[in-house]
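Undergrad: Next comes model_13.cif, mmCIF, C-alpha atoms and all ligand atoms:
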data_query
loop_
_atom_site.group_PDB
_atom_site.id
_atom_site.type_symbol
_atom_site.label_atom_id
_atom_site.label_comp_id
_atom_site.auth_asym_id
_atom_site.auth_seq_id
_atom_site.Cartn_x
_atom_site.Cartn_y
_atom_site.Cartn_z
ATOM 1 C CA MET A 26 -20.017 92.721 -18.148
ATOM 2 C CA SER A 27 -22.245 93.875 -15.286
ATOM 3 C CA ILE A 28 -21.708 95.320 -11.838
ATOM 4 C CA PHE A 29 -22.080 91.747 -10.518
ATOM 5 C CA ASP A 30 -18.833 90.774 -12.259
ATOM 6 C CA THR A 31 -16.790 93.131 -10.098
ATOM 7 C CA GLU A 32 -14.801 91.425 -7.330
ATOM 8 C CA VAL A 33 -16.028 93.890 -4.724
ATOM 9 C CA ILE A 34 -19.736 93.263 -5.358
ATOM 10 C CA LYS A 35 -19.111 89.512 -5.598
ATOM 11 C CA GLY A 36 -17.262 89.614 -2.269
ATOM 12 C CA PHE A 37 -20.008 91.641 -0.597
ATOM 13 C CA ILE A 38 -22.731 89.242 -1.770
ATOM 14 C CA ARG A 39 -20.718 86.197 -0.706
ATOM 15 C CA MET A 40 -20.227 87.608 2.784
ATOM 16 C CA CYS A 41 -23.978 88.241 3.184
ATOM 17 C CA ASN A 42 -24.678 84.674 2.149
ATOM 18 C CA ASP A 43 -21.977 83.218 4.399
ATOM 19 C CA GLY A 44 -23.474 85.094 7.357
ATOM 20 C CA PHE A 45 -26.958 83.860 6.509
ATOM 21 C CA GLU A 46 -25.714 80.277 6.324
ATOM 22 C CA GLN A 47 -24.206 80.628 9.803
ATOM 23 C CA GLY A 48 -27.697 81.424 11.128
ATOM 24 C CA TRP A 49 -26.808 84.961 12.184
ATOM 25 C CA HIS A 50 -29.373 86.741 9.981
ATOM 26 C CA GLU A 51 -32.936 85.757 10.789
ATOM 27 C CA ARG A 52 -35.433 87.855 8.827
ATOM 28 C CA ASN A 53 -33.765 91.257 8.203
ATOM 29 C CA GLY A 54 -31.340 90.826 11.123
ATOM 30 C CA GLY A 55 -27.835 92.212 10.690
ATOM 31 C CA ASN A 56 -26.252 94.574 8.192
ATOM 32 C CA LEU A 57 -23.009 95.056 6.294
ATOM 33 C CA THR A 58 -21.176 98.095 4.911
ATOM 34 C CA TYR A 59 -17.978 98.372 2.889
ATOM 35 C CA ARG A 60 -15.974 101.549 2.183
ATOM 36 C CA MET A 61 -14.988 101.303 -1.473
ATOM 37 C CA ARG A 62 -11.529 101.883 -2.950
ATOM 38 C CA THR A 63 -11.260 104.546 -5.694
ATOM 39 C CA GLN A 64 -10.569 101.811 -8.239
ATOM 40 C CA GLU A 65 -13.689 99.888 -7.179
ATOM 41 C CA VAL A 66 -15.840 103.023 -7.478
ATOM 42 C CA LEU A 67 -14.504 103.523 -11.025
ATOM 43 C CA GLN A 68 -15.346 99.916 -11.933
ATOM 44 C CA CYS A 69 -18.914 100.285 -10.653
ATOM 45 C CA LYS A 70 -19.555 103.836 -11.868
ATOM 46 C CA PRO A 71 -20.773 102.861 -15.368
ATOM 47 C CA TYR A 72 -23.739 101.150 -13.659
ATOM 48 C CA PHE A 73 -24.621 104.015 -11.310
ATOM 49 C CA LYS A 74 -28.126 105.542 -11.480
ATOM 50 C CA VAL A 75 -28.279 108.420 -9.043
ATOM 51 C CA LYS A 76 -31.633 108.339 -7.252
ATOM 52 C CA GLY A 77 -33.159 111.214 -5.339
ATOM 53 C CA GLU A 78 -31.752 113.952 -3.215
ATOM 54 C CA TRP A 79 -29.112 113.960 -0.513
ATOM 55 C CA THR A 80 -30.418 112.625 2.802
ATOM 56 C CA LYS A 81 -29.049 114.306 5.895
ATOM 57 C CA MET A 82 -27.747 111.921 8.574
ATOM 58 C CA SER A 83 -27.853 112.259 12.363
ATOM 59 C CA VAL A 84 -24.062 111.821 12.401
ATOM 60 C CA SER A 85 -21.242 113.334 10.355
ATOM 61 C CA ALA A 86 -17.556 112.699 9.695
ATOM 62 C CA LYS A 87 -15.139 114.849 7.744
ATOM 63 C CA ASN A 88 -12.832 111.914 7.017
ATOM 64 C CA LEU A 89 -15.637 110.099 5.161
ATOM 65 C CA ALA A 90 -16.588 113.021 2.885
ATOM 66 C CA GLY A 91 -16.849 111.878 -0.736
ATOM 67 C CA GLU A 92 -16.545 108.174 0.147
ATOM 68 C CA HIS A 93 -18.736 105.477 -1.413
ATOM 69 C CA PHE A 94 -20.142 102.627 0.674
ATOM 70 C CA ILE A 95 -21.826 99.408 -0.316
ATOM 71 C CA SER A 96 -24.612 98.792 2.208
ATOM 72 C CA THR A 97 -27.341 96.265 2.845
ATOM 73 C CA GLY A 98 -30.836 97.778 2.704
ATOM 74 C CA SER A 99 -32.959 98.430 5.752
ATOM 75 C CA GLY A 100 -35.547 95.702 6.263
ATOM 76 C CA LYS A 101 -33.953 93.549 3.557
ATOM 77 C CA PHE A 102 -33.201 89.894 4.247
ATOM 78 C CA PHE A 103 -29.617 88.582 3.982
ATOM 79 C CA ARG A 104 -30.989 85.355 2.502
ATOM 80 C CA ASN A 105 -32.280 87.292 -0.507
ATOM 81 C CA VAL A 106 -29.081 89.199 -1.272
ATOM 82 C CA ILE A 107 -27.609 86.407 -3.409
ATOM 83 C CA LEU A 108 -30.867 86.045 -5.394
ATOM 84 C CA GLU A 109 -31.594 89.721 -6.079
ATOM 85 C CA PRO A 110 -28.649 91.876 -5.054
ATOM 86 C CA GLN A 111 -29.982 94.892 -6.968
ATOM 87 C CA ASN A 112 -33.081 94.947 -4.721
ATOM 88 C CA ASN A 113 -31.419 94.230 -1.385
ATOM 89 C CA ILE A 114 -28.144 96.148 -1.355
ATOM 90 C CA CYS A 115 -27.063 99.591 -2.560
ATOM 91 C CA ILE A 116 -24.105 101.876 -3.092
ATOM 92 C CA VAL A 117 -24.302 105.251 -1.355
ATOM 93 C CA GLU A 118 -22.159 108.309 -1.896
ATOM 94 C CA ILE A 119 -21.339 110.663 0.990
ATOM 95 C CA ASN A 120 -21.423 114.417 0.266
ATOM 96 C CA SER A 121 -18.470 116.776 0.549
ATOM 97 C CA ASP A 122 -19.474 117.830 4.085
ATOM 98 C CA GLY A 123 -19.579 114.205 5.298
ATOM 99 C CA ASP A 124 -23.090 114.628 6.701
ATOM 100 C CA SER A 125 -25.468 113.358 3.972
ATOM 101 C CA TYR A 126 -25.778 110.397 1.631
ATOM 102 C CA ARG A 127 -27.502 109.583 -1.630
ATOM 103 C CA ILE A 128 -28.119 106.222 -3.297
ATOM 104 C CA VAL A 129 -26.199 105.890 -6.561
ATOM 105 C CA TRP A 130 -26.932 102.217 -7.303
ATOM 106 C CA GLY A 131 -29.213 99.398 -6.123
ATOM 107 C CA LEU A 132 -32.409 99.098 -4.020
ATOM 108 C CA GLU A 133 -34.189 99.196 -7.359
ATOM 109 C CA ASN A 134 -37.569 98.359 -5.801
ATOM 110 C CA GLY A 135 -37.115 101.175 -3.304
ATOM 111 C CA GLY A 136 -35.615 101.358 0.153
ATOM 112 C CA VAL A 137 -32.890 103.000 2.183
ATOM 113 C CA PRO A 138 -29.535 101.832 3.575
ATOM 114 C CA THR A 139 -29.589 99.880 6.845
ATOM 115 C CA SER A 140 -31.214 101.536 9.861
ATOM 116 C CA GLU A 141 -27.876 100.970 11.599
ATOM 117 C CA PHE A 142 -26.101 103.221 9.097
ATOM 118 C CA PRO A 143 -25.330 105.760 11.885
ATOM 119 C CA SER A 144 -23.457 103.043 13.817
ATOM 120 C CA HIS A 145 -21.692 101.813 10.689
ATOM 121 C CA PHE A 146 -20.768 105.368 9.698
ATOM 122 C CA MET A 147 -19.421 106.270 13.157
ATOM 123 C CA ASN A 148 -17.487 103.008 13.311
ATOM 124 C CA HIS A 149 -16.030 103.658 9.852
ATOM 125 C CA THR A 150 -14.853 107.133 10.815
ATOM 126 C CA VAL A 151 -13.196 105.900 14.011
ATOM 127 C CA ARG A 152 -11.666 102.719 12.553
ATOM 128 C CA LYS A 153 -10.404 104.550 9.447
ATOM 129 C CA ASP A 154 -8.409 106.839 11.752
ATOM 130 C CA ALA A 155 -7.356 104.109 14.181
ATOM 131 C CA THR A 156 -5.994 101.873 11.400
ATOM 132 C CA ASN A 157 -4.525 104.506 9.041
ATOM 133 C CA GLY A 158 -7.256 103.931 6.493
ATOM 134 C CA GLU A 159 -6.951 100.125 6.483
ATOM 135 C CA THR A 160 -10.424 99.320 7.836
ATOM 136 C CA ARG A 161 -13.051 99.032 5.103
ATOM 137 C CA VAL A 162 -15.635 96.604 6.449
ATOM 138 C CA ILE A 163 -18.122 97.047 9.291
ATOM 139 C CA TYR A 164 -20.327 94.015 9.931
ATOM 140 C CA HIS A 165 -23.261 93.649 12.310
ATOM 141 C CA ALA A 166 -24.636 90.156 12.965
ATOM 142 C CA HIS A 167 -27.073 88.570 15.396
ATOM 143 C CA THR A 168 -24.635 85.954 16.650
ATOM 144 C CA THR A 169 -26.639 83.505 18.743
ATOM 145 C CA SER A 170 -24.108 82.359 21.343
ATOM 146 C CA VAL A 171 -22.625 85.796 22.010
ATOM 147 C CA ILE A 172 -26.157 87.129 22.544
ATOM 148 C CA ALA A 173 -26.872 84.261 24.965
ATOM 149 C CA LEU A 174 -23.734 85.079 26.976
ATOM 150 C CA THR A 175 -24.908 88.673 27.482
ATOM 151 C CA TYR A 176 -27.662 87.284 29.741
ATOM 152 C CA ILE A 177 -25.343 85.402 32.074
ATOM 153 C CA LEU A 178 -22.010 87.247 32.203
ATOM 154 C CA PRO A 179 -21.382 90.723 33.655
ATOM 155 C CA LEU A 180 -21.379 93.235 30.794
ATOM 156 C CA THR A 181 -17.736 94.293 31.067
ATOM 157 C CA ASP A 182 -15.001 94.315 28.435
ATOM 158 C CA LYS A 183 -12.751 92.383 30.782
ATOM 159 C CA VAL A 184 -15.106 89.520 31.565
ATOM 160 C CA PHE A 185 -16.107 88.996 27.927
ATOM 161 C CA THR A 186 -12.566 89.307 26.581
ATOM 162 C CA ARG A 187 -10.986 86.954 29.106
ATOM 163 C CA THR A 188 -13.826 84.420 28.950
ATOM 164 C CA LEU A 189 -13.609 84.240 25.154
ATOM 165 C CA TRP A 190 -9.786 84.176 25.093
ATOM 166 C CA GLN A 191 -9.974 81.158 27.414
ATOM 167 C CA SER A 192 -12.610 79.422 25.307
ATOM 168 C CA ALA A 193 -10.440 78.630 22.269
ATOM 169 C CA THR A 194 -6.671 78.792 21.816
ATOM 170 C CA GLU A 195 -6.774 80.876 18.611
ATOM 171 C CA CYS A 196 -8.779 83.696 20.237
ATOM 172 C CA PRO A 197 -5.916 85.712 21.772
ATOM 173 C CA VAL A 198 -4.181 85.606 18.368
ATOM 174 C CA VAL A 199 -7.276 86.687 16.414
ATOM 175 C CA PHE A 200 -8.369 89.475 18.794
ATOM 176 C CA PRO A 201 -5.382 90.291 21.020
ATOM 177 C CA GLY A 202 -6.738 93.780 21.711
ATOM 178 C CA GLY A 203 -9.900 92.382 23.318
ATOM 179 C CA ILE A 204 -13.581 93.108 22.783
ATOM 180 C CA GLY A 205 -15.786 95.945 23.982
ATOM 181 C CA VAL A 206 -19.292 95.571 25.392
ATOM 182 C CA VAL A 207 -22.159 98.053 25.006
ATOM 183 C CA GLU A 208 -25.031 97.714 27.492
ATOM 184 C CA TRP A 209 -28.537 97.306 26.074
ATOM 185 C CA MET A 210 -29.583 100.380 24.084
ATOM 186 C CA VAL A 211 -32.182 101.179 21.416
ATOM 187 C CA PRO A 212 -30.923 99.878 18.052
ATOM 188 C CA GLY A 213 -30.575 102.305 15.158
ATOM 189 C CA SER A 214 -30.221 105.258 17.529
ATOM 190 C CA THR A 215 -27.535 107.931 17.433
ATOM 191 C CA GLU A 216 -26.790 107.096 21.088
ATOM 192 C CA ILE A 217 -25.850 103.477 20.361
ATOM 193 C CA ALA A 218 -23.801 104.663 17.366
ATOM 194 C CA ILE A 219 -21.796 107.018 19.579
ATOM 195 C CA ALA A 220 -21.377 104.477 22.396
ATOM 196 C CA THR A 221 -20.169 101.818 19.930
ATOM 197 C CA SER A 222 -17.774 104.099 18.086
ATOM 198 C CA LYS A 223 -16.198 105.175 21.399
ATOM 199 C CA LEU A 224 -15.279 101.536 22.024
ATOM 200 C CA MET A 225 -14.233 101.045 18.399
ATOM 201 C CA LYS A 226 -11.410 103.544 18.992
ATOM 202 C CA LYS A 227 -9.844 100.755 21.028
ATOM 203 C CA TYR A 228 -11.336 97.496 19.753
ATOM 204 C CA ASP A 229 -12.039 95.988 16.345
ATOM 205 C CA ALA A 230 -15.108 94.157 17.673
ATOM 206 C CA VAL A 231 -17.901 95.252 19.988
ATOM 207 C CA ILE A 232 -20.751 93.260 21.526
ATOM 208 C CA TRP A 233 -24.246 94.739 21.819
ATOM 209 C CA ALA A 234 -25.956 93.262 24.885
ATOM 210 C CA HIS A 235 -28.990 91.088 24.039
ATOM 211 C CA HIS A 236 -28.647 92.021 20.359
ATOM 212 C CA GLY A 237 -25.463 90.931 18.566
ATOM 213 C CA MET A 238 -22.042 92.081 17.554
ATOM 214 C CA PHE A 239 -20.138 94.547 15.373
ATOM 215 C CA ALA A 240 -16.868 93.486 13.763
ATOM 216 C CA SER A 241 -14.500 95.534 11.614
ATOM 217 C CA GLY A 242 -11.569 94.770 9.379
ATOM 218 C CA PRO A 243 -9.623 95.555 6.213
ATOM 219 C CA ASP A 244 -11.463 93.043 4.003
ATOM 220 C CA PHE A 245 -14.370 90.598 3.937
ATOM 221 C CA ASP A 246 -12.279 87.550 4.935
ATOM 222 C CA ILE A 247 -10.678 89.111 8.000
ATOM 223 C CA THR A 248 -13.906 90.702 9.210
ATOM 224 C CA PHE A 249 -16.009 87.578 8.702
ATOM 225 C CA GLY A 250 -13.244 85.525 10.320
ATOM 226 C CA LEU A 251 -13.232 87.788 13.368
ATOM 227 C CA MET A 252 -17.013 87.523 13.804
ATOM 228 C CA HIS A 253 -16.846 83.751 13.270
ATOM 229 C CA THR A 254 -13.996 83.233 15.761
ATOM 230 C CA ILE A 255 -15.662 85.242 18.529
ATOM 231 C CA GLU A 256 -19.019 83.541 18.007
ATOM 232 C CA LYS A 257 -17.434 80.085 17.956
ATOM 233 C CA ALA A 258 -15.607 80.781 21.232
ATOM 234 C CA ALA A 259 -18.926 81.842 22.789
ATOM 235 C CA GLU A 260 -20.505 78.619 21.501
ATOM 236 C CA ILE A 261 -17.749 76.524 23.079
ATOM 237 C CA TYR A 262 -18.143 78.337 26.400
ATOM 238 C CA LEU A 263 -21.903 77.716 26.363
ATOM 239 C CA ASN A 264 -21.376 74.062 25.455
ATOM 240 C CA VAL A 265 -19.114 73.702 28.482
ATOM 241 C CA LEU A 266 -21.722 75.305 30.749
ATOM 242 C CA GLN A 267 -24.459 73.101 29.307
ATOM 243 C CA SER A 268 -22.404 69.937 29.804
ATOM 244 C CA ASN A 269 -23.162 70.120 33.536
ATOM 245 C CA ARG A 270 -19.623 68.963 34.236
ATOM 246 C CA PRO A 271 -17.236 70.983 36.401
ATOM 247 C CA VAL A 272 -14.406 72.759 34.585
ATOM 248 C CA ILE A 273 -11.282 70.927 35.740
ATOM 249 C CA GLN A 274 -8.768 72.751 33.520
ATOM 250 C CA THR A 275 -8.609 75.822 31.323
ATOM 251 C CA ILE A 276 -6.208 78.068 29.388
ATOM 252 C CA THR A 277 -4.478 80.005 32.181
ATOM 253 C CA ASP A 278 -3.457 83.660 32.025
ATOM 254 C CA ASN A 279 0.161 82.528 31.678
ATOM 255 C CA ASN A 280 -0.808 80.213 28.814
ATOM 256 C CA LEU A 281 -2.419 83.242 27.125
ATOM 257 C CA ARG A 282 0.833 85.191 27.570
ATOM 258 C CA GLU A 283 2.783 82.268 26.079
ATOM 259 C CA ILE A 284 0.530 82.184 23.001
ATOM 260 C CA ALA A 285 0.889 85.943 22.531
ATOM 261 C CA LYS A 286 4.680 85.707 22.785
ATOM 262 C CA TYR A 287 4.903 82.793 20.366
ATOM 263 C CA PHE A 288 2.652 84.440 17.764
ATOM 264 C CA GLY A 289 4.159 87.883 18.288
ATOM 265 C CA VAL A 290 0.899 89.638 19.169
ATOM 266 C CA ASN A 291 0.408 92.333 21.760
ATOM 267 C CA LEU A 292 -2.067 90.910 24.267
ATOM 268 C CA ALA A 293 -3.918 93.550 26.301
ATOM 269 C CA GLU A 294 -2.573 92.789 29.833
ATOM 270 C CA GLU A 295 -5.433 94.727 31.444
ATOM 271 C CA PHE A 296 -7.715 91.717 30.842
ATOM 272 C CA LEU A 297 -5.464 89.198 32.590
ATOM 273 C CA ASP A 298 -5.426 88.511 36.324
ATOM 274 C CA ASN A 299 -2.317 86.646 37.270
HETATM 275 P P1 LIG B 1 -31.872 96.752 9.128
HETATM 276 O O1 LIG B 1 -32.793 95.804 8.426
HETATM 277 O O2 LIG B 1 -32.366 98.176 9.083
HETATM 278 O O3 LIG B 1 -30.448 96.626 8.617
HETATM 279 O O4 LIG B 1 -31.861 96.386 10.674
HETATM 280 C C1 LIG B 1 -31.524 95.097 11.091
HETATM 281 C C2 LIG B 1 -30.846 95.072 12.423
HETATM 282 O O5 LIG B 1 -30.133 94.140 12.705
HETATM 283 C C3 LIG B 1 -31.046 96.188 13.369
HETATM 284 O O6 LIG B 1 -30.126 96.145 14.406
HETATM 285 ZN ZN ZN B 2 -29.329 94.113 14.725
#
What does this structure look like when you write it as structure tokens?
Ligand code: 13P
Ligand code: ZN
TA:
Amino acid sequence: MSIFDTEVIKGFIRMCNDGFEQGWHERNGGNLTYRMRTQEVLQCKPYFKVKGEWTKMSVSAKNLAGEHFISTGSGKFFRNVILEPQNNICIVEINSDGDSYRIVWGLENGGVPTSEFPSHFMNHTVRKDATNGETRVIYHAHTTSVIALTYILPLTDKVFTRTLWQSATECPVVFPGGIGVVEWMVPGSTEIAIATSKLMKKYDAVIWAHHGMFASGPDFDITFGLMHTIEKAAEIYLNVLQSNRPVIQTITDNNLREIAKYFGVNLAEEFLDN
């Protein structure tokens, strides 16, 4: 038995590899964090090796005090996670004040959790509250087509939500609440963490202009599926633009309402026109 036999570590590694295979993780691009269940912490605890002191963070959250997160390492490549998980991912524990972390497993050749940990942490605190503790996964990926769209569409929640809803019939069912958009900001900064988490109060996915996307969810499947669905819709929209053919029909706002009614989801009306 090793830590790699636990379902949670297996699931985390698989998600990193799936993302890499989609082409969303060039070099060290993207990062993933997972807020562990008590049972999962107990399963992994026999393999813990507490390293170093507590590191103070630029952000804090009372509702994450004492939590454990699995995190990709800063500067580590998603393509290497499956080969050497112990050197590319880690488990961190948050202190009782919710303002510092320490590594309790992993990154055996040295390293720190992702440079986007402030954004992940702020998104975890907000999504944990917004979903009554259901949200456990925060995923950042450099999704090619979504990034491309941030150069040609106005950077508003409404334009991106409606455009993507209209780009594939499943979209309003998968993200009925819409998507938020953060203008270009310096990655890794406290400012982008705060701006993203403000939108995460309302949305489960947020686009970072000219950079990528953040998706959240209760488990690896749902979160990966959300990222995948949004990115695929963006790809379809771009394919249509690149076809150089005029759009002669689309999914209308009333069609979107019909889908929502049929599937019993609450579609955010604010993004529809007529
Ligand atoms: P890290 O390697 O620190 O996770 O950073 C990658 C990234 O995507 C920054 O936005
Ligand atoms: Zn990034």
Undergrad: With the PyMOL selection byres (((chain A and resi 147-150) around 8) and not hetatm) as the selection, what would be picked from this file? Answer as a CSV table (one decimal) with C-alpha atoms, in the coordinates of the input, please.
TA:
chain,number,residue,atom,x,y,z
A,60,ARG,CA,-16.0,101.5,2.2
A,84,VAL,CA,-24.1,111.8,12.4
A,85,SER,CA,-21.2,113.3,10.4
A,86,ALA,CA,-17.6,112.7,9.7
A,88,ASN,CA,-12.8,111.9,7.0
A,89,LEU,CA,-15.6,110.1,5.2
A,143,PRO,CA,-25.3,105.8,11.9
A,144,SER,CA,-23.5,103.0,13.8
A,145,HIS,CA,-21.7,101.8,10.7
A,146,PHE,CA,-20.8,105.4,9.7
A,151,VAL,CA,-13.2,105.9,14.0
A,152,ARG,CA,-11.7,102.7,12.6
A,153,LYS,CA,-10.4,104.6,9.4
A,154,ASP,CA,-8.4,106.8,11.8
A,160,THR,CA,-10.4,99.3,7.8
A,161,ARG,CA,-13.1,99.0,5.1
A,162,VAL,CA,-15.6,96.6,6.4
A,163,ILE,CA,-18.1,97.0,9.3
A,218,ALA,CA,-23.8,104.7,17.4
A,219,ILE,CA,-21.8,107.0,19.6
A,221,THR,CA,-20.2,101.8,19.9
A,222,SER,CA,-17.8,104.1,18.1
A,225,MET,CA,-14.2,101.0,18.4
Undergrad: So for stretch 34-41 of chain A, what box centre and size do we get, axis-aligned, 5 Å extra on each of the six sides, every listed atom, Å to one decimal, as JSON?
TA:
{"center_x": -20.6, "center_y": 89.7, "center_z": -1.2, "size_x": 16.7, "size_y": 17.1, "size_z": 18.8}
Undergrad: Got a sec: who's within 12 Å of A:Leu292, counting all atoms listed in the file, leaving out chain neighbours fewer than 3 positions off, as a list in words?
TA: Thr186, Arg187, Trp190, Cys196, Pro197, Val198, Val199, Phe200, Pro201, Gly202, Gly203, Ile204, Asp278, Asn279, Asn280, Leu281, Arg282, Glu283, Ile284, Ala285, Lys286, Tyr287, Phe288, Gly289, Glu295, Phe296 and Leu297 of chain A
Undergrad: Keeping only C-alpha atoms, write those residues as a short mmCIF file (atom, residue, chain, number, x, y, z; two decimals), in the coordinates of the input.
TA:
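So the final result, stored in out.cif, reads:
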data_model
loop_
_atom_site.label_atom_id
_atom_site.label_comp_id
_atom_site.auth_asym_id
_atom_site.auth_seq_id
_atom_site.Cartn_x
_atom_site.Cartn_y
_atom_site.Cartn_z
CA THR A 186 -12.57 89.31 26.58
CA ARG A 187 -10.99 86.95 29.11
CA TRP A 190 -9.79 84.18 25.09
CA CYS A 196 -8.78 83.70 20.24
CA PRO A 197 -5.92 85.71 21.77
CA VAL A 198 -4.18 85.61 18.37
CA VAL A 199 -7.28 86.69 16.41
CA PHE A 200 -8.37 89.48 18.79
CA PRO A 201 -5.38 90.29 21.02
CA GLY A 202 -6.74 93.78 21.71
CA GLY A 203 -9.90 92.38 23.32
CA ILE A 204 -13.58 93.11 22.78
CA ASP A 278 -3.46 83.66 32.02
CA ASN A 279 0.16 82.53 31.68
CA ASN A 280 -0.81 80.21 28.81
CA LEU A 281 -2.42 83.24 27.12
CA ARG A 282 0.83 85.19 27.57
CA GLU A 283 2.78 82.27 26.08
CA ILE A 284 0.53 82.18 23.00
CA ALA A 285 0.89 85.94 22.53
CA LYS A 286 4.68 85.71 22.78
CA TYR A 287 4.90 82.79 20.37
CA PHE A 288 2.65 84.44 17.76
CA GLY A 289 4.16 87.88 18.29
CA GLU A 295 -5.43 94.73 31.44
CA PHE A 296 -7.72 91.72 30.84
CA LEU A 297 -5.46 89.20 32.59
#
Undergrad: Please compute the atom CA of A:Lys81-atom CA of A:Phe239 distance, one decimal, in Å.
TA: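 About the pair atom CA of A:Lys81 and atom CA of A:Phe239: they are 23.7 Å apart.
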Undergrad: What is the atom CA of A:Val184-atom CA of A:Asp298 distance in Å, reported with one decimal?
TA: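 According to the coordinates, atom CA of A:Val184 and atom CA of A:Asp298 are separated by 10.8 Å.
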Undergrad: Please write out the residues within 6 Å of ligand LIG 1 (chain B) as a VMD selection string, counting all atoms listed in the file.
TA: chain A and resid 53 to 56 99 to 101 139 to 141 212
Undergrad: Do a neighbour search on A:Ile255 at 10 Å with all atoms listed in the file, toss out local chain neighbours closer than 2 positions, and write the hits as a ChimeraX atom specification.
TA: /A:168,170-171,186,189-190,192-193,195-196,199-200,204,230,232,238,240,250-253,257-260
Undergrad: Could you write out as a list in words the residues that the PyMOL selection byres (((chain A and resi 91) around 6) and not hetatm) matches in the shown file?
TA: Ala90, Glu92, Ile119, Asn120 and Ser121 of chain A
Undergrad: What is the atom CA of A:Glu46-atom CA of A:Asn264 distance in Å, reported with one decimal?
TA: 20.6 Å
Undergrad: Applied to this file, what does the PyMOL selection byres (((chain A and resi 98) around 12) and not hetatm) return in terms of residues, put as a PyMOL selection string?
TA: chain A and resi 41+53-58+94-97+99-103+105-106+109-117+128+130-142
Undergrad: Go ahead and write the selection's residues with C-alpha atoms as a short mmCIF file (atom, residue, chain, number, x, y, z; two decimals), in the frame of the given file.
TA:
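To be explicit, this is the file written out as again19.cif:
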data_model
loop_
_atom_site.label_atom_id
_atom_site.label_comp_id
_atom_site.auth_asym_id
_atom_site.auth_seq_id
_atom_site.Cartn_x
_atom_site.Cartn_y
_atom_site.Cartn_z
CA CYS A 41 -23.98 88.24 3.18
CA ASN A 53 -33.76 91.26 8.20
CA GLY A 54 -31.34 90.83 11.12
CA GLY A 55 -27.84 92.21 10.69
CA ASN A 56 -26.25 94.57 8.19
CA LEU A 57 -23.01 95.06 6.29
CA THR A 58 -21.18 98.10 4.91
CA PHE A 94 -20.14 102.63 0.67
CA ILE A 95 -21.83 99.41 -0.32
CA SER A 96 -24.61 98.79 2.21
CA THR A 97 -27.34 96.26 2.84
CA SER A 99 -32.96 98.43 5.75
CA GLY A 100 -35.55 95.70 6.26
CA LYS A 101 -33.95 93.55 3.56
CA PHE A 102 -33.20 89.89 4.25
CA PHE A 103 -29.62 88.58 3.98
CA ASN A 105 -32.28 87.29 -0.51
CA VAL A 106 -29.08 89.20 -1.27
CA GLU A 109 -31.59 89.72 -6.08
CA PRO A 110 -28.65 91.88 -5.05
CA GLN A 111 -29.98 94.89 -6.97
CA ASN A 112 -33.08 94.95 -4.72
CA ASN A 113 -31.42 94.23 -1.38
CA ILE A 114 -28.14 96.15 -1.36
CA CYS A 115 -27.06 99.59 -2.56
CA ILE A 116 -24.10 101.88 -3.09
CA VAL A 117 -24.30 105.25 -1.36
CA ILE A 128 -28.12 106.22 -3.30
CA TRP A 130 -26.93 102.22 -7.30
CA GLY A 131 -29.21 99.40 -6.12
CA LEU A 132 -32.41 99.10 -4.02
CA GLU A 133 -34.19 99.20 -7.36
CA ASN A 134 -37.57 98.36 -5.80
CA GLY A 135 -37.12 101.18 -3.30
CA GLY A 136 -35.62 101.36 0.15
CA VAL A 137 -32.89 103.00 2.18
CA PRO A 138 -29.54 101.83 3.58
CA THR A 139 -29.59 99.88 6.84
CA SER A 140 -31.21 101.54 9.86
CA GLU A 141 -27.88 100.97 11.60
CA PHE A 142 -26.10 103.22 9.10
#
Undergrad: Compile the contact shell of A:Val129 as a PyMOL selection string: residues with an atom at most 9 Å away, counting all atoms listed in the file, same-chain residues fewer than 6 positions apart removed.
TA: chain A and resi 70+72-77+115-118
Undergrad: Rank A:Met210, A:Ala220, A:Met40, A:Ala173 by their smallest atom-to-atom distance to ligand ZN 2 (chain B), using only C-alpha atoms and all ligand atoms, and report the top residue only.
TA: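 Selected residue with least distance to ligand ZN 2 (chain B): A:Met210.
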